Amino acid sequence: MSELLQFLLSGVTVGAVYALVALGFTIIYNASDVVNFAQGEFVMLGGMITVFTYAAGAPLPLAALVAIVATAALGVAMNKLAIEPARGAPVVSLVIITIGVSIFIRGAAQLVFDKQIHSFPAFSGDDPLRILGATILPQSLWVIGGALAVFVGLWLFFTRTLLGRAVLATSNNRLAAQLVGINTPFVMTLSFALSAGIGALAGVLVTPITMTSYDVGLAFALKGFAAAMLGGMGNPKGALVGGFLLGVLEGLTAGYLSSQYKDAAAFIVILGVLFFLPQGLFGRKSTDRV
Amino acid sequence: MTLLSIEGLGISFGGLKAVNDVSFTVKPGEIVSVIGPNGAGKTTLFNMISGVYRPGMGKVVLNGEDVTAMSPHLLARRGMCRTFQNLQVFQSMTVLENTIAGYHLQESGHVLSDLLNLPASRRRAKAAEAGARELLKRVGLERAAEREAGSLSYGSLKRLEIARAMALKPKVLLLDEPAAGCNAVETEEIDHLIAEIAASGVAILLVEHDMKMVMRISNHIVVLDHGEKIAEGDPASVSRNPAVIAAYLGAENAAG
Amino acid sequence: MRLTPKSVTLLALVVLIALSPIFFPSGFYYRIGALIFVNALAVTGIVILTGWAGQISLGHAGFAGIGAYACALAPVHWGIHPALAVVLGAAISAVLAWLVGRPILRLKGYYLAVASLGMGILISMVLNNERELTRGPDGIDVAELGLRGVLKDAGLDLSNGQFWYFFCGIVLILGAWLALNLRDSATGRALRALHGSEVAAKTVGMDVARLKLQAFVISAVYASVAGSLLALQNKFITPDVAGFMHSVEMVTMAVLGGVGSVAGAIFGAAVLTLLPQVLTVFAEYEQLVLGAVMVLVMIFLREGVVPSILRKIRGRGE
Amino acid sequence: MLLVEGLRARYGRIEVLHGIDLAVNSGEIVTVIGANGAGKTTLLRCLSGVHPLAGGSVTFRGEPMSGVPAWRRVGRGLSQSPEGRQIFTNLTVEENLRLGAYLYADDRVEKDMADAFQMFPILKEKRNLAAGGLSGGQQQMLAMARALMGRPSCLLLDEPSMGLAPIIVAQIFDVVKGLKALDVTVLLVEQNAYGALKIADRGYVMETGRITMDGPAEALIADPRIREAYLGI
Amino acid sequence: EIKLGASISATGPAAFLGDPELKTLEMLVEDLNAKGGINGEEVTLIAYDDNGDPNKARTFATRLVEDDEVVAIIGGTTTGTTMSILAVAEDAEIPFISLAGAIDIIDPVKPYTFKTPHTDRMACQKIFEDMQKAGITKIGMISGTDGFGASMQAQCKTVAPDYAIEIVADETYDPKDADMTAQLTKIKGTEGVQAILNPGFGQGPSIVTRNYKQLAIELPFYQSHGVASDGFIELAGTEAAEGVRLPGTALLVAGLLAADDPQKPVVDAYKAMFEEKTGTPVGTFGGYAHDAFLIMTDAITRAGSAEPAAIRDAIEATSGLAGTTGVYTFTPEDHLGLDLTAFRMLEIQGGKWTLVQ
Ligand SMILES: Nc1ncnc2c1ncn2[C@@H]1O[C@H](COP(=O)(O)OP(=O)(O)OP(=O)(O)O)[C@@H](O)[C@H]1O
Ligand SMILES: Nc1ncnc2c1ncn2[C@@H]1O[C@H](COP(=O)(O)OP(=O)(O)OP(=O)(O)O)[C@@H](O)[C@H]1O
Ligand SMILES: [Mg+2]
Ligand SMILES: [Mg+2]
């Protein structure tokens with residue numbers, strides 16, 4: 001019993017990380033239909049900038065804030081320098097651009113920072129909390145809370161605000177969006193700032209658990225991408241559920257089946273889900289008619 | 001004698017009966033028009049007949065065979081083809097290639113033969129190209145043959161779709177608003193084209209809001225409203241039908 | 001021969017492969033050439049699948065892995081000649097692609113991408129974890145192809161580098177020829193058509209599911225043969241060949257060069273293969289510059305290098 | 001109100017508009033007719049700012065529009081209902097309309113929406129349906145309604161009657177005519193040339209990228225060349 | 001001018017190892033040239049970063065041999081890259097010293113290939129020796145799935161019976177995983193486990209160590225030489241790392257070495273130089289590069305020639321050469337030149353490395 005609970009807690013911890021990354025994907029995707037493969041680098045930057053600002057003597061909350069703001073600014077720069085100039089290019093080209101940017105950021109990070117592995121103290125100490133014989137680190141609760149908070153924020157943004165709707169409209173039909181007066185360049189800038197900020201927040205929250213280094217971005221991006229697709233791309237609910245589901249699956253597989261093939265199990269489940277729900281769990285079907 | 005027969009076809013979308021129990025038949029060489037207000041279910045009806053949607057009820061019988069919900073590519077083999085209200089062209093291919101695509105069934109052999117560019121493949125490709133150029137001439141697009149389809153104006157794309165459908169040498173042709181976006185003179189050209197195709201023995205099912213055209217060329221008209229068939233008959237009788245005038249034509253367009 | 005785009009591409013390729021060695025300052029360049037050809041072969045498969053049929057795969061390295069490990073394992077375990085192992089690998093890849101392709105090709109866009117990614121990861125996981133068979137992440141030796149020795153006995157004495165350069169070059173010419181044949185055939189046209197509109201493709205009688213599957217299988221075979229050639233010339237292979245990064249690299253090469261064009265595939269492969277060699281002068285700035293180059297190319301030549309340039313040339317002509 | 005001088009436009013290297021001169025006065029309804037591919041849509045795209053000019057100028061209310069992005073022109077009162085409807089297929093009908101009034105956050109939005117629903121009752125029925133599920137004609141109505149939500153002072157309409165039932169076509173033309181009373185200027189591109197000319201004050205005829213004729217609407221209707229080439233009478 | 005080539009994984013998944021290796025080589029070459037080079041000749045280092053990609057490593061090896069015409073090659077951070085370089089070096093008959101762990105590199109012996117690190121098998125043997133002394137007979141393993149972890153896992157399984165040790169639980173994790181409590185819980189719950197061994201490098205082992213503490217597992221905990229650096233203690237946290245045992249090199253316990261320890265001078269010198277130059281603490285991996293360079297330059301000096309064949313012969317004749325990893329004595333049958341004594345059993349106590357007596 002306590003074993004099962006431990007596997008679940010392990011899964012939830014990991015799942016919260018995936019969910020946070022997956023949530024970061026949704027905004028840029030919703031604004032432009034582009035899956036931003038540099039999203040993982042935002043997570044990395046969130047962690048690394050915090051590490052180095054903290055090491056330079058800033059208090060941890062300030063360091064985290066600096067990291068989030070700086071990364072958001074970088075997101076905006078990415079949009080202005082790499083995405084906007086290629087406006088109108090096919091989506092694959094844009095995706096390749098995001099891969100190029102991710103290589104670029106990684107290359108820059110290894111120069112600006114270093115190639116070592118880093119971490120900083122957990123926010124509420126390292127003493128595990130005990131629940132029915134299983135344990136969870138307080139930092140995991142921070143990550144879970146962060147994922148939930150970001151989810152609620154995004155959900156409200158997309159369903160309750162006109163600006164959120166404008167973001168959706170921009171990706172659905174950019175031409176029409178302009179013709180109703182939506183400042184589409186601004187929408188893009190905003191999306192990149194938000195996505196990057198959420199990515200950085202993820203980095204800040206997870207680093208005490210997973211550590212960070214200049215090259216952690218790719219792994220985050222991959223798992224986050226898989227989680228987002230499992231849930232249904234573009235839907236915050238999908239990102240959240242997809243992330244947790246993926247994490248729990250891995251935890252249970254590692255515990256009961258084979259830790260060697262736990263990622264395999266996760267992907268098999270994704271394939272299975274997509275077989276029956278080709279748009280993921282909560283993805284919306286495109287409604288274009290002929 | 002009946003080529004296509006629609007028997008009690010119907011479908012719902014989340015409670016809304018978009019099409020409900022519609023029946024009629026089409027004979028070879030006949031032009032049957034389906035008219036009705038916007039949202040009456042005409043396109044949906046076409047989508048069911050052509051296998052894009054699976055009907056919730058009823059049957060589609062083509063040449064004596066029950067082809068209900070059969071995949072469009074299999075229907076194409078049996079001689080049914082259509083055009084679309086919301087244009088469906090192959091944007092990044094040239095106009096010529098778009099038309100050759102219509103020859104797919106006649107042209108395609110085995111993929112290995114294509115890979116190796118065997119003489120059989122080459123011969124079929126040549127024949128398809130020649131036929132396609134001929135068709136483009138008929139719809140007045142021969143000068144645009146080498147252009148990318150995406151660069152054509154709306155009206156030209158409509159004709160391209162017709163050319164592509166004609167390439168299949170169909171027995172039944174479904175045309176969804178072929179004259180939309182064309183002016184009166186251009187519409188007349190399309191008229192002639194459709195009449196010509198019908199004259200060669202093709203059964204034509206037409207959806208169109210241009211009443212002049214409908215009245216001119218239809219042998220038979222089916223009127224839908226809210227998914228139901230509200231009237232049926234020859235152009236003259238339909239255009240005098242008060243229900244049709246009220247729901248669709250408006251006083252101004254009524255026959256007279 | 002009529003001067004069609006096809007014959008021009010093939011002719012240029014033949015001339016390039018035959019004459020480039022004149023300018024090689026050292027034997028090392030044969031190695032680079034051979035690598036370019038191998039990559040170009042795999043990318044040609046991507047052109048068929050992604051460029052024409054519009055289906056994105058992030059798992060094609062898995063097929064390269066199958067091709068590579070077929071060459072590593074079949075000769076040792078079942079005494080099959082390495083040349084036949086290439087065919088065996090291609091056959092396994094084709095069958096696997098056929099089995100996997102049927103369910104996953106129903107998916108669209110990124111959903112297909114993630115499904116194929118999963119497939120690739122499963123393959124690379126098996127290669128990593130089944131140590132008994134594959135010897136795990138540290139890699140495994142691959143038998144000698146032996147053809148070079150045969151040529152030598154026949155009086156054609158090539159260095160190892162030269163042999164692989166010409167051998168891979170010839171295979172690439174063959175691969176490009178097949179792909180170019182396909183492009184202008186009924187099948188190729190149908191693939192490009194379904195990319196444009198699946199419903200319309202169906203209504204003109206195209207069996208969309210089957211066509212996609214054909215493209216998937218063909219491209220898998222290209223990747224598999226490329227993987228085999230890589231394994232045979234390196235005489236050693238690790239599961240990296242099946243890794244996600246390799247899949248991404250293939251797609252990147254294709255898009256960079258121009259995803260719809262065979263010439264683009266070759267060009268893209270050449271650029272991304274040469275770039276790391278050129279960038280060594282930047283030492284630790286290498287990654288930075290690589291990323292920047294990718295972004296800049298896609299911004300300024302957004303359809304990929306070859307189509308963008310062709311369009312410019314053509315535009316000037318008019 | 002809207003002044004176009006020597007306007008040229010290209011797709012790639014191919015020029016499709018070769019110097020268009022055109023003026024629309026405040027409160028006028030002006031219609032442009034022409035064959036398929038004449039360049040009518042391109043002209044409107046240039047005016048609304050979604051297609052770049054290759055030469056010439058566009059002046060709106062005395063201000064040059066060069067360098068003013070499309071979304072900003074909307075704020076200044078220049079709205080377009082584009083060809084091919086271009087609705088937000090993934091959003092609901094109501095969301096489409098709200099986005100039509102994206103620039104406004106006042107009470108009038110609700111009132112305008114009520115007006116729109118009154119004009120096209122079917123849209124009210126379908127308000128919570130994803131707009132992509134609408135029939136072609138319903139989408140066309142939505143596009144028109146959405147453009148009106150933007151409170152334009154000058155409305156560019158690209159074939160608003162396309163795909164509409166005859167009853168609705170008559171209604172659309174009535175609406176356009178009614179805009180005059182609201183002091184909205186209209187530039188109308190139509191294939192239904194007869195209907196359009198009947199409600200218009202003036203008209204232009206376009207052929208392969210050039211204006212070949214213009215004049216008062218009645219004069220154009222009466223012109224035998226027009227009657228033969230465009231009205232089919 | 002003597003041209004030495006190197007292909008190192010300075011970036012990519014093994015950057016954690018390759019980075020200090022490359023820095024070490026660059027530093028040593030500079031230092032050597034400042035001292036007048038070898039036999040009066042300047043040494044040029046041509047180093048490429050292979051990203052840990054074996055295919056790239058092979059290309060760079062070919063480039064080093066064919067284009068740059070180096071006389072010898074150092075490198076191959078990982079076993080995979082090493083095997084790729086090895087094929088090229090053997091073909092071209094160029095001496096090659098690898099920095100990777102697998103025993104396959106030098107067993108069977110290939111004429112031109114040598115290596116500096118202990119083999120992964122030796123690490124296992126050293127650990128099991130220690131376990132045996134403590135009377136441990138049943139253990140659980142949790143290994144990374146990267147080359148290092150997987151190879152250790154395999155070797156340990158091979159030699160465990162020699163020490164009467166049974167591996168009763170065998171789990172793995174991906175190097176980038178975020179949480180290993182599931183695997184550890186499973187091991188913990190396995191009947192009869194007396195100790196746990198975690199071979200791996202990078203952040204994985206630090207997370208495992210923290211999870212170990214989180215789950216309050218009381219069993220003796222063994223790590224491998226993959227984490228033999230101060231950075232590990234810092235990342236895992238002093239508290240969690242307390243009591244962790246692993247086989248390490250003299251480098252980590254420089255301060256604790258006996259004054260007459262033959263390795264002391266070289267260890268002290270390298271540590272001082274590296275830490276001054278880079279500002280980061282020395283680790284085992286930089287030490288491998290240091291030793292490879294030492295062996296190479298020593299051989300060239302003794303050979304009195306920069307002919308590849310002569311260098312090879314001289315390397316094979318190396319005897320009693322003290323490096324940071326151990327004291328090397330090569331023979332035609334042994335291209336590793338180290339034995340188990342080169343490993344020292346270390347234990348972390350109070351956040352410091354201590355020698356297990
Ligand atoms: N996928 C769908 N989801 C929800 N409702 C749908 C869907 N498809 C069609 N409908 C509804 O079914 C009705 C019929 O639509 P259809 O497109 O068949 O009309 P139509 O007769 O072709 O009209 P038009 O003349 O405007 O093209 C409409 O009210 C439409 O909203
Ligand atoms: N995206 C494009 N790329 C290249 N050429 C284009 C593009 N769009 C339109 N054209 C060309 O520009 C010319 C004008 O087209 P436009 O769409 O403006 O015509 P139109 O008058 O609106 O025709 P229709 O009545 O058929 O809608 C045509 O020759 C058309 O082929
Ligand atoms: Mg319709
Ligand atoms: Mg138009």
# chains A, B, ... in the order shown; residues from 1 in each chain; ligands from 1
>>> select_by_dssp(residues="segment 45-240 of chain E", states="strand (DSSP E or B)", output="MDAnalysis selection string")
chainID E and resid 45:49 72:75 96:98 113:115 138:144 166:173 195:198 221:223 229
>>> write_last_selection(atoms="N, CA, C and O atoms", output="short mmCIF file (atom, residue, chain, number, x, y, z; two decimals), in the first residue's frame")
data_model
loop_
_atom_site.label_atom_id
_atom_site.label_comp_id
_atom_site.auth_asym_id
_atom_site.auth_seq_id
_atom_site.Cartn_x
_atom_site.Cartn_y
_atom_site.Cartn_z
N LEU E 45 48.23 21.14 -30.20
CA LEU E 45 47.08 20.28 -29.94
C LEU E 45 45.96 20.67 -30.89
O LEU E 45 45.54 21.81 -30.94
N ILE E 46 45.52 19.70 -31.68
CA ILE E 46 44.36 19.95 -32.52
C ILE E 46 43.20 19.19 -31.91
O ILE E 46 43.16 17.96 -31.95
N ALA E 47 42.29 19.95 -31.30
CA ALA E 47 41.22 19.29 -30.55
C ALA E 47 39.87 19.58 -31.19
O ALA E 47 39.58 20.71 -31.56
N TYR E 48 39.06 18.54 -31.34
CA TYR E 48 37.70 18.72 -31.85
C TYR E 48 36.69 18.27 -30.81
O TYR E 48 36.97 17.37 -30.01
N ASP E 49 35.53 18.89 -30.87
CA ASP E 49 34.44 18.52 -29.96
C ASP E 49 33.47 17.63 -30.72
O ASP E 49 32.83 18.06 -31.66
N ALA E 72 49.60 11.37 -33.03
CA ALA E 72 48.93 10.54 -32.02
C ALA E 72 47.62 11.20 -31.64
O ALA E 72 47.44 12.39 -31.85
N ILE E 73 46.74 10.39 -31.08
CA ILE E 73 45.41 10.91 -30.72
C ILE E 73 45.11 10.60 -29.26
O ILE E 73 45.39 9.49 -28.78
N ILE E 74 44.56 11.61 -28.59
CA ILE E 74 44.02 11.39 -27.26
C ILE E 74 42.52 11.64 -27.36
O ILE E 74 42.10 12.52 -28.11
N GLY E 75 41.74 10.91 -26.61
CA GLY E 75 40.33 11.25 -26.63
C GLY E 75 39.39 10.09 -26.59
O GLY E 75 39.76 9.01 -26.15
N PHE E 96 46.91 5.81 -29.93
CA PHE E 96 45.66 6.41 -29.46
C PHE E 96 45.48 6.07 -27.99
O PHE E 96 45.51 4.91 -27.61
N ILE E 97 45.32 7.11 -27.16
CA ILE E 97 45.03 6.86 -25.75
C ILE E 97 43.62 7.32 -25.44
O ILE E 97 43.28 8.48 -25.61
N SER E 98 42.82 6.38 -24.99
CA SER E 98 41.40 6.66 -24.73
C SER E 98 41.18 7.10 -23.29
O SER E 98 41.94 6.75 -22.39
N THR E 113 46.14 1.01 -29.42
CA THR E 113 45.18 1.62 -28.51
C THR E 113 45.55 1.38 -27.04
O THR E 113 45.84 0.25 -26.65
N PHE E 114 45.53 2.46 -26.29
CA PHE E 114 45.78 2.38 -24.85
C PHE E 114 44.67 3.12 -24.14
O PHE E 114 43.88 3.81 -24.77
N LYS E 115 44.63 3.00 -22.81
CA LYS E 115 43.67 3.84 -22.11
C LYS E 115 44.14 4.16 -20.71
O LYS E 115 44.95 3.44 -20.14
N LYS E 138 24.04 -9.77 -0.57
CA LYS E 138 22.91 -9.50 -1.47
C LYS E 138 22.76 -7.99 -1.65
O LYS E 138 22.60 -7.26 -0.67
N ILE E 139 22.76 -7.56 -2.90
CA ILE E 139 22.66 -6.12 -3.12
C ILE E 139 21.60 -5.79 -4.17
O ILE E 139 21.18 -6.65 -4.94
N GLY E 140 21.21 -4.52 -4.14
CA GLY E 140 20.36 -4.01 -5.20
C GLY E 140 21.16 -3.01 -6.02
O GLY E 140 22.02 -2.31 -5.49
N MET E 141 20.90 -3.00 -7.33
CA MET E 141 21.59 -2.03 -8.16
C MET E 141 20.57 -1.07 -8.78
O MET E 141 19.47 -1.45 -9.14
N ILE E 142 20.97 0.16 -8.90
CA ILE E 142 20.18 1.13 -9.66
C ILE E 142 21.14 1.92 -10.54
O ILE E 142 22.02 2.63 -10.05
N SER E 143 21.05 1.71 -11.87
CA SER E 143 22.07 2.27 -12.77
C SER E 143 21.44 3.22 -13.78
O SER E 143 20.27 3.08 -14.13
N GLY E 144 22.25 4.14 -14.23
CA GLY E 144 21.82 5.01 -15.33
C GLY E 144 21.76 4.21 -16.62
O GLY E 144 22.47 3.20 -16.76
N GLU E 166 25.24 -11.51 -4.69
CA GLU E 166 24.09 -11.75 -5.54
C GLU E 166 23.35 -10.43 -5.76
O GLU E 166 23.11 -9.69 -4.82
N ILE E 167 23.05 -10.14 -7.03
CA ILE E 167 22.30 -8.91 -7.31
C ILE E 167 20.82 -9.27 -7.34
O ILE E 167 20.35 -9.90 -8.28
N VAL E 168 20.11 -8.87 -6.28
CA VAL E 168 18.73 -9.32 -6.15
C VAL E 168 17.73 -8.32 -6.71
O VAL E 168 16.57 -8.63 -6.92
N ALA E 169 18.18 -7.08 -6.91
CA ALA E 169 17.28 -6.09 -7.52
C ALA E 169 18.12 -5.29 -8.51
O ALA E 169 19.26 -4.95 -8.24
N ASP E 170 17.54 -5.05 -9.66
CA ASP E 170 18.31 -4.40 -10.72
C ASP E 170 17.42 -3.38 -11.42
O ASP E 170 16.57 -3.74 -12.22
N GLU E 171 17.58 -2.13 -11.08
CA GLU E 171 16.73 -1.07 -11.63
C GLU E 171 17.57 -0.07 -12.42
O GLU E 171 18.80 -0.03 -12.28
N THR E 172 16.91 0.68 -13.27
CA THR E 172 17.63 1.71 -14.03
C THR E 172 16.84 3.02 -14.02
O THR E 172 15.68 3.05 -13.64
N TYR E 173 17.50 4.06 -14.45
CA TYR E 173 16.82 5.35 -14.63
C TYR E 173 17.46 6.04 -15.82
O TYR E 173 18.59 5.75 -16.19
N ALA E 195 22.72 -3.92 0.68
CA ALA E 195 23.39 -2.68 0.28
C ALA E 195 22.89 -2.31 -1.12
O ALA E 195 22.35 -3.15 -1.83
N ILE E 196 23.08 -1.05 -1.46
CA ILE E 196 22.64 -0.60 -2.78
C ILE E 196 23.81 0.05 -3.51
O ILE E 196 24.59 0.80 -2.92
N LEU E 197 23.91 -0.28 -4.78
CA LEU E 197 24.99 0.28 -5.61
C LEU E 197 24.38 1.08 -6.75
O LEU E 197 23.46 0.65 -7.42
N ASN E 198 24.91 2.28 -6.96
CA ASN E 198 24.38 3.18 -7.99
C ASN E 198 25.47 3.68 -8.91
O ASN E 198 26.07 4.72 -8.67
N PHE E 221 25.38 2.49 1.16
CA PHE E 221 25.12 3.02 -0.16
C PHE E 221 26.43 3.22 -0.92
O PHE E 221 27.32 3.93 -0.46
N TYR E 222 26.55 2.55 -2.04
CA TYR E 222 27.77 2.65 -2.84
C TYR E 222 27.49 3.41 -4.14
O TYR E 222 26.48 3.17 -4.81
N GLN E 223 28.40 4.29 -4.46
CA GLN E 223 28.35 4.96 -5.77
C GLN E 223 29.57 4.49 -6.57
O GLN E 223 30.36 3.69 -6.10
N SER E 229 33.80 13.60 -7.54
CA SER E 229 34.23 14.99 -7.56
C SER E 229 33.49 15.71 -6.45
O SER E 229 32.46 15.24 -5.97
#
>>> residues_near_ligand(ligand="ligand 2", cutoff="6 Å", atoms="only C-alpha atoms and all ligand atoms", output="compact mmCIF listing (two decimals) with all heavy atoms, in the first residue's frame")
# COMPACT_ATOMS: atom_id res chain seq x y z
N GLY B 150 -2.62 27.92 -56.08
CA GLY B 150 -2.84 28.88 -55.00
C GLY B 150 -2.87 30.32 -55.47
O GLY B 150 -3.34 31.20 -54.77
N SER B 151 -2.36 30.56 -56.67
CA SER B 151 -2.27 31.94 -57.14
C SER B 151 -3.46 32.33 -58.02
O SER B 151 -3.48 33.42 -58.59
CB SER B 151 -0.96 32.15 -57.90
OG SER B 151 -1.07 31.60 -59.19
N LEU B 152 -4.44 31.45 -58.12
CA LEU B 152 -5.59 31.77 -58.97
C LEU B 152 -6.64 32.56 -58.20
O LEU B 152 -6.75 32.46 -56.99
CB LEU B 152 -6.23 30.47 -59.48
CG LEU B 152 -5.95 30.11 -60.93
CD1 LEU B 152 -4.46 30.18 -61.21
CD2 LEU B 152 -6.50 28.74 -61.25
N SER B 153 -7.43 33.32 -58.92
CA SER B 153 -8.52 34.04 -58.26
C SER B 153 -9.64 33.04 -57.95
O SER B 153 -9.68 31.93 -58.48
CB SER B 153 -9.04 35.16 -59.16
OG SER B 153 -9.79 34.61 -60.22
N TYR B 154 -10.56 33.48 -57.10
CA TYR B 154 -11.61 32.59 -56.60
C TYR B 154 -12.41 31.94 -57.72
O TYR B 154 -12.60 30.72 -57.76
CB TYR B 154 -12.54 33.40 -55.69
CG TYR B 154 -13.52 32.55 -54.94
CD1 TYR B 154 -13.21 32.06 -53.69
CD2 TYR B 154 -14.74 32.23 -55.49
CE1 TYR B 154 -14.10 31.27 -53.00
CE2 TYR B 154 -15.65 31.43 -54.81
CZ TYR B 154 -15.32 30.96 -53.57
OH TYR B 154 -16.21 30.17 -52.89
N GLY B 155 -12.85 32.75 -58.64
CA GLY B 155 -13.68 32.23 -59.72
C GLY B 155 -12.94 31.20 -60.56
O GLY B 155 -13.51 30.18 -60.98
N SER B 156 -11.68 31.45 -60.80
CA SER B 156 -10.90 30.51 -61.60
C SER B 156 -10.76 29.17 -60.89
O SER B 156 -10.76 28.11 -61.51
CB SER B 156 -9.51 31.08 -61.89
OG SER B 156 -9.62 32.38 -62.39
N GLY B 181 -19.28 33.27 -57.10
CA GLY B 181 -18.09 34.07 -57.39
C GLY B 181 -17.90 34.32 -58.87
O GLY B 181 -16.84 34.79 -59.28
N TYR D 11 2.14 40.02 -56.99
CA TYR D 11 2.35 38.76 -56.27
C TYR D 11 3.68 38.25 -56.76
O TYR D 11 3.82 37.92 -57.93
CB TYR D 11 1.25 37.75 -56.58
CG TYR D 11 -0.09 38.11 -55.94
CD1 TYR D 11 -1.11 38.67 -56.70
CD2 TYR D 11 -0.30 37.89 -54.59
CE1 TYR D 11 -2.33 38.98 -56.12
CE2 TYR D 11 -1.52 38.21 -54.00
CZ TYR D 11 -2.53 38.75 -54.76
OH TYR D 11 -3.72 39.07 -54.19
N VAL D 16 -0.20 42.56 -60.79
CA VAL D 16 -1.60 42.28 -61.13
C VAL D 16 -2.46 43.54 -61.10
O VAL D 16 -3.55 43.55 -61.66
CB VAL D 16 -2.22 41.21 -60.22
CG1 VAL D 16 -1.51 39.89 -60.40
CG2 VAL D 16 -2.18 41.64 -58.77
N ALA D 35 -14.32 40.80 -64.23
CA ALA D 35 -14.29 39.36 -64.44
C ALA D 35 -13.43 38.66 -63.39
O ALA D 35 -12.70 39.30 -62.64
CB ALA D 35 -13.77 39.05 -65.84
N ASN D 36 -13.51 37.32 -63.37
CA ASN D 36 -12.62 36.53 -62.50
C ASN D 36 -11.18 36.89 -62.78
O ASN D 36 -10.74 36.88 -63.93
CB ASN D 36 -12.79 35.03 -62.77
CG ASN D 36 -14.11 34.49 -62.27
OD1 ASN D 36 -14.57 33.48 -62.72
ND2 ASN D 36 -14.74 35.20 -61.34
N GLY D 37 -10.44 37.18 -61.73
CA GLY D 37 -9.02 37.43 -61.90
C GLY D 37 -8.69 38.84 -62.33
O GLY D 37 -7.53 39.14 -62.61
N ALA D 38 -9.68 39.72 -62.34
CA ALA D 38 -9.40 41.09 -62.77
C ALA D 38 -8.54 41.82 -61.74
O ALA D 38 -7.80 42.73 -62.08
CB ALA D 38 -10.71 41.84 -62.97
N GLY D 39 -8.65 41.43 -60.49
CA GLY D 39 -7.84 42.06 -59.47
C GLY D 39 -8.65 42.80 -58.42
O GLY D 39 -8.12 43.59 -57.64
N LYS D 40 -9.93 42.52 -58.35
CA LYS D 40 -10.80 43.22 -57.41
C LYS D 40 -10.41 42.89 -55.97
O LYS D 40 -10.26 43.78 -55.13
CB LYS D 40 -12.26 42.79 -57.64
CG LYS D 40 -12.73 42.97 -59.08
CD LYS D 40 -14.13 42.47 -59.29
CE LYS D 40 -14.31 40.97 -59.12
NZ LYS D 40 -13.62 40.14 -60.12
N THR D 41 -10.25 41.61 -55.71
CA THR D 41 -9.88 41.20 -54.37
C THR D 41 -8.54 41.79 -53.97
O THR D 41 -8.35 42.28 -52.86
CB THR D 41 -9.83 39.66 -54.29
OG1 THR D 41 -11.13 39.16 -54.54
CG2 THR D 41 -9.35 39.19 -52.95
N THR D 42 -7.63 41.76 -54.90
CA THR D 42 -6.31 42.31 -54.62
C THR D 42 -6.41 43.79 -54.27
O THR D 42 -5.73 44.26 -53.35
CB THR D 42 -5.39 42.10 -55.85
OG1 THR D 42 -5.46 40.74 -56.24
CG2 THR D 42 -3.97 42.47 -55.52
>>> residues_around(residues="Tyr194 of chain D", least_positions_apart="3", cutoff="9 Å", atoms="only C-alpha atoms", output="JSON, numbers by chain")
{"B": [184], "D": [190, 191, 197, 198, 199, 221, 227, 230, 231]}
>>> residues_near_ligand(ligand="ligand 3", cutoff="10 Å", atoms="only C-alpha atoms and all ligand atoms", output="PyMOL selection string")
(chain A and resi 289-290) or (chain B and resi 35-47+84-86+176-177+207-209) or (chain D and resi 134-139+163-164)
>>> select_by_dssp(residues="segment 211-241 of chain C", states="alpha helix (DSSP H)", output="MDAnalysis selection string")
chainID C and resid 211:234
>>> interface_residues(of="chain E", to="chain A", cutoff="8 Å", atoms="only C-alpha atoms", output="PyMOL selection string")
chain E and resi 11-13+15-16+19+145+171-173+176-183+185-186+202-203+207+214-215+231+235
>>> residues_around(residues="Val34 of chain A", least_positions_apart="5", cutoff="8 Å", atoms="only C-alpha atoms", output="NGL selection string")
:A and (28-29 or 91 or 94-95)
>>> residues_around(residues="Gly51 of chain C", least_positions_apart="2", cutoff="9 Å", atoms="only C-alpha atoms", output="MDAnalysis selection string")
chainID C and resid 46:49 53:56 192 195 254:255 258:261
